[in-house]
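Containing PDB, C-alpha atoms, pLDDT in the B column: work-v4.pdb.
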```pdb
ATOM      1  CA  PRO A 472     -31.047-192.179 -27.479  1.00 59.00           C
ATOM      2  CA  ARG A 473     -28.054-193.744 -25.777  1.00 64.00           C
ATOM      3  CA  VAL A 474     -25.772-191.292 -23.992  1.00 69.00           C
ATOM      4  CA  PRO A 475     -22.040-192.113 -24.084  1.00 73.00           C
ATOM      5  CA  PRO A 476     -20.317-192.279 -20.714  1.00 77.00           C
ATOM      6  CA  ALA A 477     -18.741-188.960 -19.727  1.00 76.00           C
ATOM      7  CA  ARG A 478     -14.971-188.741 -19.465  1.00 80.00           C
ATOM      8  CA  PRO A 479     -13.778-185.494 -17.895  1.00 78.00           C
ATOM      9  CA  PRO A 480     -10.407-184.007 -18.860  1.00 79.00           C
ATOM     10  CA  GLY A 481      -7.544-186.095 -17.529  1.00 81.00           C
ATOM     11  CA  VAL A 482      -9.596-189.293 -17.367  1.00 84.00           C
ATOM     12  CA  ASP A 483      -8.552-191.963 -19.867  1.00 89.00           C
ATOM     13  CA  ALA A 484     -11.137-192.785 -22.545  1.00 91.00           C
ATOM     14  CA  PHE A 485      -9.446-196.045 -23.561  1.00 90.00           C
ATOM     15  CA  GLY A 486     -11.713-199.072 -23.408  1.00 89.00           C
ATOM     16  CA  LEU A 487     -14.871-197.270 -24.466  1.00 90.00           C
ATOM     17  CA  SER A 488     -16.379-198.200 -27.817  1.00 93.00           C
ATOM     18  CA  SER A 489     -14.484-196.373 -30.534  1.00 96.00           C
ATOM     19  CA  THR A 490     -14.701-195.440 -34.189  1.00 98.00           C
ATOM     20  CA  ALA A 491     -11.924-194.001 -36.357  1.00 98.00           C
ATOM     21  CA  THR A 492     -12.760-192.348 -39.664  1.00 98.00           C
ATOM     22  CA  GLY A 493     -10.361-190.836 -42.146  1.00 98.00           C
ATOM     23  CA  ASP A 494      -8.376-190.936 -45.326  1.00 97.00           C
ATOM     24  CA  SER A 495      -5.565-193.155 -46.579  1.00 97.00           C
ATOM     25  CA  VAL A 496      -3.243-192.126 -43.737  1.00 97.00           C
ATOM     26  CA  LEU A 497      -5.596-193.861 -41.308  1.00 98.00           C
ATOM     27  CA  LEU A 498      -5.985-196.707 -43.789  1.00 98.00           C
ATOM     28  CA  ALA A 499      -2.195-197.227 -43.855  1.00 97.00           C
ATOM     29  CA  ALA A 500      -2.154-197.440 -40.054  1.00 98.00           C
ATOM     30  CA  SER A 501      -5.338-199.516 -39.733  1.00 97.00           C
ATOM     31  CA  GLU A 502      -3.576-202.741 -38.697  1.00 97.00           C
ATOM     32  CA  ALA A 503      -1.694-200.945 -35.900  1.00 98.00           C
ATOM     33  CA  MET A 504      -4.913-199.193 -34.876  1.00 97.00           C
ATOM     34  CA  GLY A 505      -6.677-202.562 -34.634  1.00 95.00           C
ATOM     35  CA  LYS A 506      -3.919-203.962 -32.422  1.00 96.00           C
ATOM     36  CA  THR A 507      -3.814-200.877 -30.196  1.00 97.00           C
ATOM     37  CA  PHE A 508      -7.594-200.510 -29.960  1.00 96.00           C
ATOM     38  CA  PRO A 509      -9.233-203.959 -30.014  1.00 94.00           C
ATOM     39  CA  GLY A 510     -12.790-203.692 -31.239  1.00 93.00           C
ATOM     40  CA  MET A 511     -12.331-200.258 -32.826  1.00 96.00           C
ATOM     41  CA  THR A 512     -14.194-199.730 -36.084  1.00 97.00           C
ATOM     42  CA  VAL A 513     -11.856-198.186 -38.669  1.00 97.00           C
ATOM     43  CA  ASP A 514     -13.517-196.508 -41.645  1.00 97.00           C
ATOM     44  CA  ALA A 515     -10.832-195.159 -43.983  1.00 98.00           C
ATOM     45  CA  ALA A 516     -10.470-194.723 -47.723  1.00 97.00           C
ATOM     46  CA  VAL A 517      -7.962-193.465 -50.262  1.00 97.00           C
ATOM     47  CA  SER A 518      -8.319-189.807 -51.315  1.00 95.00           C
ATOM     48  CA  ARG A 519     -11.183-189.121 -48.896  1.00 97.00           C
ATOM     49  CA  GLN A 520     -11.684-185.381 -48.425  1.00 97.00           C
ATOM     50  CA  SER A 521     -12.700-183.813 -45.108  1.00 98.00           C
ATOM     51  CA  ARG A 522     -16.323-183.395 -46.127  1.00 97.00           C
ATOM     52  CA  GLY A 523     -16.380-187.088 -47.009  1.00 98.00           C
ATOM     53  CA  VAL A 524     -14.889-187.987 -43.634  1.00 98.00           C
ATOM     54  CA  PHE A 525     -17.464-185.836 -41.841  1.00 98.00           C
ATOM     55  CA  ALA A 526     -20.296-187.352 -43.910  1.00 98.00           C
ATOM     56  CA  ARG A 527     -19.170-190.868 -42.924  1.00 98.00           C
ATOM     57  CA  VAL A 528     -19.083-189.893 -39.236  1.00 98.00           C
ATOM     58  CA  LYS A 529     -22.561-188.349 -39.482  1.00 97.00           C
ATOM     59  CA  ALA A 530     -23.954-191.417 -41.275  1.00 98.00           C
ATOM     60  CA  ARG A 531     -22.556-193.722 -38.577  1.00 97.00           C
ATOM     61  CA  LYS A 532     -23.991-191.518 -35.850  1.00 96.00           C
ATOM     62  CA  ASP A 533     -27.402-191.373 -37.554  1.00 95.00           C
ATOM     63  CA  ALA A 534     -27.358-195.191 -37.829  1.00 95.00           C
ATOM     64  CA  GLY A 535     -26.436-195.578 -34.148  1.00 93.00           C
ATOM     65  CA  LYS A 536     -23.069-197.109 -35.092  1.00 95.00           C
ATOM     66  CA  LEU A 537     -20.675-194.470 -33.767  1.00 95.00           C
ATOM     67  CA  GLY A 538     -18.427-195.220 -30.815  1.00 95.00           C
ATOM     68  CA  ASP A 539     -18.250-193.322 -27.543  1.00 94.00           C
ATOM     69  CA  VAL A 540     -14.778-192.231 -28.682  1.00 96.00           C
ATOM     70  CA  VAL A 541     -14.410-190.851 -32.202  1.00 98.00           C
ATOM     71  CA  VAL A 542     -11.050-190.472 -33.953  1.00 98.00           C
ATOM     72  CA  ILE A 543     -10.990-188.258 -37.044  1.00 98.00           C
ATOM     73  CA  SER A 544      -7.966-188.217 -39.336  1.00 98.00           C
ATOM     74  CA  THR A 545      -8.331-185.705 -42.153  1.00 98.00           C
ATOM     75  CA  GLY A 546      -6.727-182.775 -43.919  1.00 98.00           C
ATOM     76  CA  THR A 547      -4.203-184.633 -46.066  1.00 97.00           C
ATOM     77  CA  ASN A 548      -6.134-184.449 -49.338  1.00 96.00           C
ATOM     78  CA  GLY A 549      -7.495-180.908 -49.250  1.00 96.00           C
ATOM     79  CA  THR A 550      -8.776-178.061 -47.159  1.00 97.00           C
ATOM     80  CA  VAL A 551     -10.499-178.459 -43.797  1.00 98.00           C
ATOM     81  CA  LEU A 552     -13.032-175.647 -43.452  1.00 98.00           C
ATOM     82  CA  ALA A 553     -13.526-174.257 -39.960  1.00 98.00           C
ATOM     83  CA  SER A 554     -17.285-174.122 -40.531  1.00 98.00           C
ATOM     84  CA  ASP A 555     -17.445-177.818 -41.506  1.00 98.00           C
ATOM     85  CA  LEU A 556     -15.284-178.868 -38.569  1.00 98.00           C
ATOM     86  CA  THR A 557     -17.307-176.749 -36.139  1.00 98.00           C
ATOM     87  CA  GLU A 558     -20.521-178.322 -37.395  1.00 98.00           C
ATOM     88  CA  MET A 559     -19.030-181.820 -37.045  1.00 98.00           C
ATOM     89  CA  LEU A 560     -17.717-181.235 -33.521  1.00 98.00           C
ATOM     90  CA  THR A 561     -21.013-179.683 -32.451  1.00 97.00           C
ATOM     91  CA  ALA A 562     -22.753-182.866 -33.599  1.00 97.00           C
ATOM     92  CA  LEU A 563     -20.174-184.891 -31.636  1.00 96.00           C
ATOM     93  CA  SER A 564     -20.535-182.908 -28.413  1.00 94.00           C
ATOM     94  CA  ASP A 565     -22.428-185.912 -27.018  1.00 92.00           C
ATOM     95  CA  ARG A 566     -19.390-188.222 -27.449  1.00 93.00           C
ATOM     96  CA  SER A 567     -17.102-189.032 -24.522  1.00 92.00           C
ATOM     97  CA  ARG A 568     -13.995-188.023 -26.423  1.00 95.00           C
ATOM     98  CA  VAL A 569     -13.162-186.877 -29.939  1.00 97.00           C
ATOM     99  CA  VAL A 570      -9.553-187.114 -31.122  1.00 98.00           C
ATOM    100  CA  LEU A 571      -8.572-185.011 -34.129  1.00 98.00           C
ATOM    101  CA  VAL A 572      -5.347-186.131 -35.794  1.00 98.00           C
ATOM    102  CA  THR A 573      -3.400-183.379 -37.557  1.00 98.00           C
ATOM    103  CA  PRO A 574      -2.252-184.142 -41.090  1.00 98.00           C
ATOM    104  CA  LYS A 575       1.393-184.554 -42.047  1.00 97.00           C
ATOM    105  CA  ALA A 576       2.062-184.206 -45.740  1.00 96.00           C
ATOM    106  CA  PRO A 577       4.175-182.096 -48.074  1.00 94.00           C
ATOM    107  CA  ARG A 578       1.123-180.176 -49.282  1.00 96.00           C
ATOM    108  CA  SER A 579       0.499-176.405 -49.364  1.00 97.00           C
ATOM    109  CA  TRP A 580      -2.752-176.613 -47.381  1.00 97.00           C
ATOM    110  CA  VAL A 581      -1.522-178.730 -44.465  1.00 98.00           C
ATOM    111  CA  ASP A 582      -0.266-175.902 -42.198  1.00 98.00           C
ATOM    112  CA  LYS A 583      -3.576-174.050 -42.558  1.00 98.00           C
ATOM    113  CA  ASN A 584      -5.505-177.245 -41.832  1.00 98.00           C
ATOM    114  CA  ILE A 585      -3.477-177.796 -38.666  1.00 98.00           C
ATOM    115  CA  SER A 586      -4.266-174.245 -37.543  1.00 98.00           C
ATOM    116  CA  VAL A 587      -7.970-174.758 -38.235  1.00 98.00           C
ATOM    117  CA  ILE A 588      -8.015-178.088 -36.380  1.00 98.00           C
ATOM    118  CA  LYS A 589      -6.267-176.695 -33.303  1.00 98.00           C
ATOM    119  CA  SER A 590      -8.288-173.481 -33.252  1.00 98.00           C
ATOM    120  CA  VAL A 591     -11.701-175.116 -33.623  1.00 98.00           C
ATOM    121  CA  ALA A 592     -10.854-177.971 -31.233  1.00 98.00           C
ATOM    122  CA  ALA A 593     -10.100-175.483 -28.450  1.00 98.00           C
ATOM    123  CA  SER A 594     -13.812-174.586 -28.272  1.00 97.00           C
ATOM    124  CA  PHE A 595     -14.971-178.123 -27.470  1.00 95.00           C
ATOM    125  CA  PRO A 596     -14.245-179.626 -24.030  1.00 93.00           C
ATOM    126  CA  ASN A 597     -14.501-183.239 -25.237  1.00 94.00           C
ATOM    127  CA  VAL A 598     -12.038-182.768 -28.119  1.00 96.00           C
ATOM    128  CA  ARG A 599      -8.312-183.519 -28.021  1.00 97.00           C
ATOM    129  CA  VAL A 600      -5.740-182.958 -30.755  1.00 98.00           C
ATOM    130  CA  ALA A 601      -3.216-185.667 -31.619  1.00 98.00           C
ATOM    131  CA  ASP A 602      -0.541-183.552 -33.318  1.00 98.00           C
ATOM    132  CA  TRP A 603       0.792-186.156 -35.726  1.00 98.00           C
ATOM    133  CA  ASN A 604       2.542-183.471 -37.768  1.00 98.00           C
ATOM    134  CA  SER A 605       4.762-182.474 -34.823  1.00 98.00           C
ATOM    135  CA  TYR A 606       5.095-185.971 -33.349  1.00 98.00           C
ATOM    136  CA  ALA A 607       6.371-187.513 -36.593  1.00 98.00           C
ATOM    137  CA  ARG A 608       8.781-184.695 -37.428  1.00 96.00           C
ATOM    138  CA  GLY A 609      12.296-186.046 -37.857  1.00 96.00           C
ATOM    139  CA  HIS A 610      11.161-189.647 -38.361  1.00 98.00           C
ATOM    140  CA  ARG A 611      11.447-190.083 -42.113  1.00 97.00           C
ATOM    141  CA  GLU A 612      11.925-193.832 -41.564  1.00 98.00           C
ATOM    142  CA  TRP A 613       8.301-194.092 -40.412  1.00 98.00           C
ATOM    143  CA  PHE A 614       7.018-193.320 -43.916  1.00 98.00           C
ATOM    144  CA  TYR A 615       6.958-194.692 -47.415  1.00 97.00           C
ATOM    145  CA  ALA A 616       8.680-192.624 -50.128  1.00 96.00           C
ATOM    146  CA  ASP A 617       5.707-190.246 -50.356  1.00 96.00           C
ATOM    147  CA  GLY A 618       6.393-188.964 -46.821  1.00 96.00           C
ATOM    148  CA  ILE A 619       2.673-189.276 -46.027  1.00 97.00           C
ATOM    149  CA  HIS A 620       1.704-192.911 -45.492  1.00 97.00           C
ATOM    150  CA  THR A 621       3.122-194.826 -42.557  1.00 98.00           C
ATOM    151  CA  LYS A 622       4.782-198.205 -42.507  1.00 98.00           C
ATOM    152  CA  GLY A 623       5.865-200.493 -39.644  1.00 97.00           C
ATOM    153  CA  ALA A 624       7.110-198.409 -36.739  1.00 98.00           C
ATOM    154  CA  GLY A 625       5.391-195.320 -38.165  1.00 98.00           C
ATOM    155  CA  SER A 626       1.991-196.994 -38.055  1.00 98.00           C
ATOM    156  CA  GLN A 627       2.673-198.120 -34.495  1.00 98.00           C
ATOM    157  CA  ALA A 628       3.736-194.582 -33.535  1.00 98.00           C
ATOM    158  CA  TYR A 629       0.573-193.162 -35.134  1.00 98.00           C
ATOM    159  CA  ALA A 630      -1.630-195.487 -33.068  1.00 98.00           C
ATOM    160  CA  ALA A 631       0.439-194.846 -29.925  1.00 98.00           C
ATOM    161  CA  LEU A 632       0.004-191.074 -30.283  1.00 98.00           C
ATOM    162  CA  ILE A 633      -3.757-191.500 -30.565  1.00 98.00           C
ATOM    163  CA  ARG A 634      -3.694-193.810 -27.529  1.00 97.00           C
ATOM    164  CA  GLU A 635      -1.744-191.223 -25.522  1.00 96.00           C
ATOM    165  CA  THR A 636      -4.144-188.473 -26.620  1.00 96.00           C
ATOM    166  CA  MET A 637      -7.105-190.469 -25.283  1.00 94.00           C
ATOM    167  CA  ARG A 638      -5.506-190.269 -21.827  1.00 89.00           C
ATOM    168  CA  ARG A 639      -5.828-186.487 -21.656  1.00 88.00           C
TER     169      ARG A 639
END
```

Let me see whether you can do it: turn the structure in this file into structure tokens.
Amino acid sequence: PRVPPARPPGVDAFGLSSTATGDSVLLAASEAMGKTFPGMTVDAAVSRQSRGVFARVKARKDAGKLGDVVVISTGTNGTVLASDLTEMLTALSDRSRVVLVTPKAPRSWVDKNISVIKSVAASFPNVRVADWNSYARGHREWFYADGIHTKGAGSQAYAALIRETMRR
């Protein structure tokens, strides 16, 4: 099996092959992601739950079609279980960098999902958290009326945060 190039903490992972998988938040920002990360594969769908996101990542990995850098955007549509996330990140321990994007949505489960994401991520040296929830706070103009899906400058900011997170 091919081994992705190692990127120690503090060394930028930009330019390596990359795959982003997620829900409709990623889908809304897919054009900006494509411009920020040329060649990135974006696999996003409306209403995709975390288990569905993780299943897509696993299927791509099993097929040999997963980038050296993996971006996962989930937690908007339902609960992220620590056990599921731990299993996913364990399977991705061979990737150069994994970026987990925190959800931002007016939903009761979002704060718990953010806690789970940050807590589990701390156990994996190749994982970084792009805290979209904090980064986008105070920027209502970045979103459509639902306060969840980005438009224009919001999509660009979403991609820029992920880009900055890859540098860590």

Within 9 Å of stretch 589-609 of chain A, which residues of stretch 538-562 of chain A come that close, and what is the closest atom pair and distance in Å for each? Count all atoms listed in the file and give it as a Markdown table.
```
| residue | atom | partner | partner_atom | distance |
| --- | --- | --- | --- | --- |
| A:Ala553 | CA | A:Val591 | CA | 6.7 |
| A:Ser554 | CA | A:Val591 | CA | 8.9 |
| A:Leu556 | CA | A:Val591 | CA | 7.2 |
| A:Thr557 | CA | A:Val591 | CA | 6.4 |
| A:Leu560 | CA | A:Phe595 | CA | 7.3 |
| A:Thr561 | CA | A:Phe595 | CA | 8.0 |
```

Counting all atoms listed in the file, the residue of A:Lys583, A:Arg568, A:Arg611, A:Lys506 that sits nearest A:Pro479 |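 Selected residue with least distance to A:Pro479: A:Arg568.
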
Hits from the PyMOL selection byres ((chain A and resi 488-491) around 7), listed as an mmCIF file with C-alpha atoms, in the coordinates of the input:
```
data_model
loop_
_atom_site.group_PDB
_atom_site.id
_atom_site.type_symbol
_atom_site.label_atom_id
_atom_site.label_comp_id
_atom_site.auth_asym_id
_atom_site.auth_seq_id
_atom_site.Cartn_x
_atom_site.Cartn_y
_atom_site.Cartn_z
ATOM 1 C CA GLY A 486 -11.713 -199.072 -23.408
ATOM 2 C CA LEU A 487 -14.871 -197.270 -24.466
ATOM 3 C CA THR A 492 -12.760 -192.348 -39.664
ATOM 4 C CA GLY A 493 -10.361 -190.836 -42.146
ATOM 5 C CA MET A 511 -12.331 -200.258 -32.826
ATOM 6 C CA THR A 512 -14.194 -199.730 -36.084
ATOM 7 C CA VAL A 513 -11.856 -198.186 -38.669
ATOM 8 C CA ASP A 514 -13.517 -196.508 -41.645
ATOM 9 C CA LEU A 537 -20.675 -194.470 -33.767
ATOM 10 C CA GLY A 538 -18.427 -195.220 -30.815
ATOM 11 C CA ASP A 539 -18.250 -193.322 -27.543
ATOM 12 C CA VAL A 540 -14.778 -192.231 -28.682
ATOM 13 C CA VAL A 541 -14.410 -190.851 -32.202
ATOM 14 C CA VAL A 542 -11.050 -190.472 -33.953
ATOM 15 C CA ILE A 543 -10.990 -188.258 -37.044
#
```

Between atom CA of A:Ala516 and atom CA of A:Asn548, what is the distance, to one decimal in Å?
->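 One can read the atom CA of A:Ala516 to atom CA of A:Asn548 distance as 11.3 Å.
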
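Each of A:His610, A:Lys575, A:His620, A:Arg478 was checked against A:Ser495 using only C-alpha atoms; the smallest atom-to-atom distance is that of A:His620.
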
So that I can check the surroundings of A:Pro574, please list as a PDB file with C-alpha atoms, in the coordinates of the input every protein, DNA and RNA residue that reaches within 9 Å of it, counting all atoms listed in the file and ignoring chain neighbours fewer than 5 positions away.
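Written out: part_6.pdb:
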```pdb
ATOM      1  CA  VAL A 496      -3.243-192.126 -43.737  1.00 97.00           C
ATOM      2  CA  SER A 544      -7.966-188.217 -39.336  1.00 98.00           C
ATOM      3  CA  THR A 545      -8.331-185.705 -42.153  1.00 98.00           C
ATOM      4  CA  GLY A 546      -6.727-182.775 -43.919  1.00 98.00           C
ATOM      5  CA  THR A 547      -4.203-184.633 -46.066  1.00 97.00           C
ATOM      6  CA  VAL A 581      -1.522-178.730 -44.465  1.00 98.00           C
ATOM      7  CA  ASP A 582      -0.266-175.902 -42.198  1.00 98.00           C
ATOM      8  CA  ASN A 584      -5.505-177.245 -41.832  1.00 98.00           C
ATOM      9  CA  ILE A 585      -3.477-177.796 -38.666  1.00 98.00           C
ATOM     10  CA  ASP A 602      -0.541-183.552 -33.318  1.00 98.00           C
ATOM     11  CA  TRP A 603       0.792-186.156 -35.726  1.00 98.00           C
ATOM     12  CA  ASN A 604       2.542-183.471 -37.768  1.00 98.00           C
ATOM     13  CA  ILE A 619       2.673-189.276 -46.027  1.00 97.00           C
TER      14      ILE A 619
END
```

With distances taken over only C-alpha atoms, which of A:Ala631, A:Asp617, A:Gly505, A:Glu558 is nearest to A:Arg578?
->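 Selected residue with least distance to A:Arg578: A:Asp617.
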
Atom CA of A:Thr507 to atom CA of A:Ser564: how many Å, to one decimal?
->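 Calculated distance between atom CA of A:Thr507 and atom CA of A:Ser564 is 24.6 Å.
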
What residues come out when you apply the PyMOL selection byres ((chain A and resi 613) around 8) to this file, written as a VMD selection string?
-> chain A and resid 607 610 to 612 614 to 615 621 to 626

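Between atom CA of A:Ala503 and atom CA of A:Ala576 the interatomic distance comes to 19.8 Å.
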
Have a look at A:Met559, A:Val551, A:Leu498, A:Val517 and name the one nearest to A:Lys532; count all atoms listed in the file.
->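 With all atoms listed in the file as the atom set, the closest residue is A:Met559.
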
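Considering only C-alpha atoms, the residue among A:Ile588, A:Phe485, A:Arg639, A:Leu552 positioned nearest to A:Phe508 is A:Phe485.
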
Counting only C-alpha atoms, the residue of A:Glu502, A:Asp555, A:Asp565, A:Asp494 that sits nearest A:Gln627 =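 Of A:Glu502, A:Asp555, A:Asp565, A:Asp494, the one nearest A:Gln627 is A:Glu502, counting only C-alpha atoms.
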
Enumerate, as a VMD selection string, the residues matched when the PyMOL selection byres ((chain A and resi 637) around 7) is run on the file above.
-> chain A and resid 483 to 485 633 to 636 638 to 639

Residues from the last selection, C-alpha atoms, saved as a short mmCIF file (atom, residue, chain, number, x, y, z; two decimals), keeping the file's coordinate frame:
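Final file, again-v3.cif:
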```cif
data_model
loop_
_atom_site.label_atom_id
_atom_site.label_comp_id
_atom_site.auth_asym_id
_atom_site.auth_seq_id
_atom_site.Cartn_x
_atom_site.Cartn_y
_atom_site.Cartn_z
CA ASP A 483 -8.55 -191.96 -19.87
CA ALA A 484 -11.14 -192.78 -22.54
CA PHE A 485 -9.45 -196.04 -23.56
CA ILE A 633 -3.76 -191.50 -30.56
CA ARG A 634 -3.69 -193.81 -27.53
CA GLU A 635 -1.74 -191.22 -25.52
CA THR A 636 -4.14 -188.47 -26.62
CA ARG A 638 -5.51 -190.27 -21.83
CA ARG A 639 -5.83 -186.49 -21.66
#
```

Size and centre in Å, one decimal, axis-aligned box, all listed stretch 603-613 of chain A atoms plus 6 Å per side, as JSON:
```
{"center_x": 6.5, "center_y": -188.3, "center_z": -37.7, "size_x": 23.5, "size_y": 23.6, "size_z": 20.8}
```
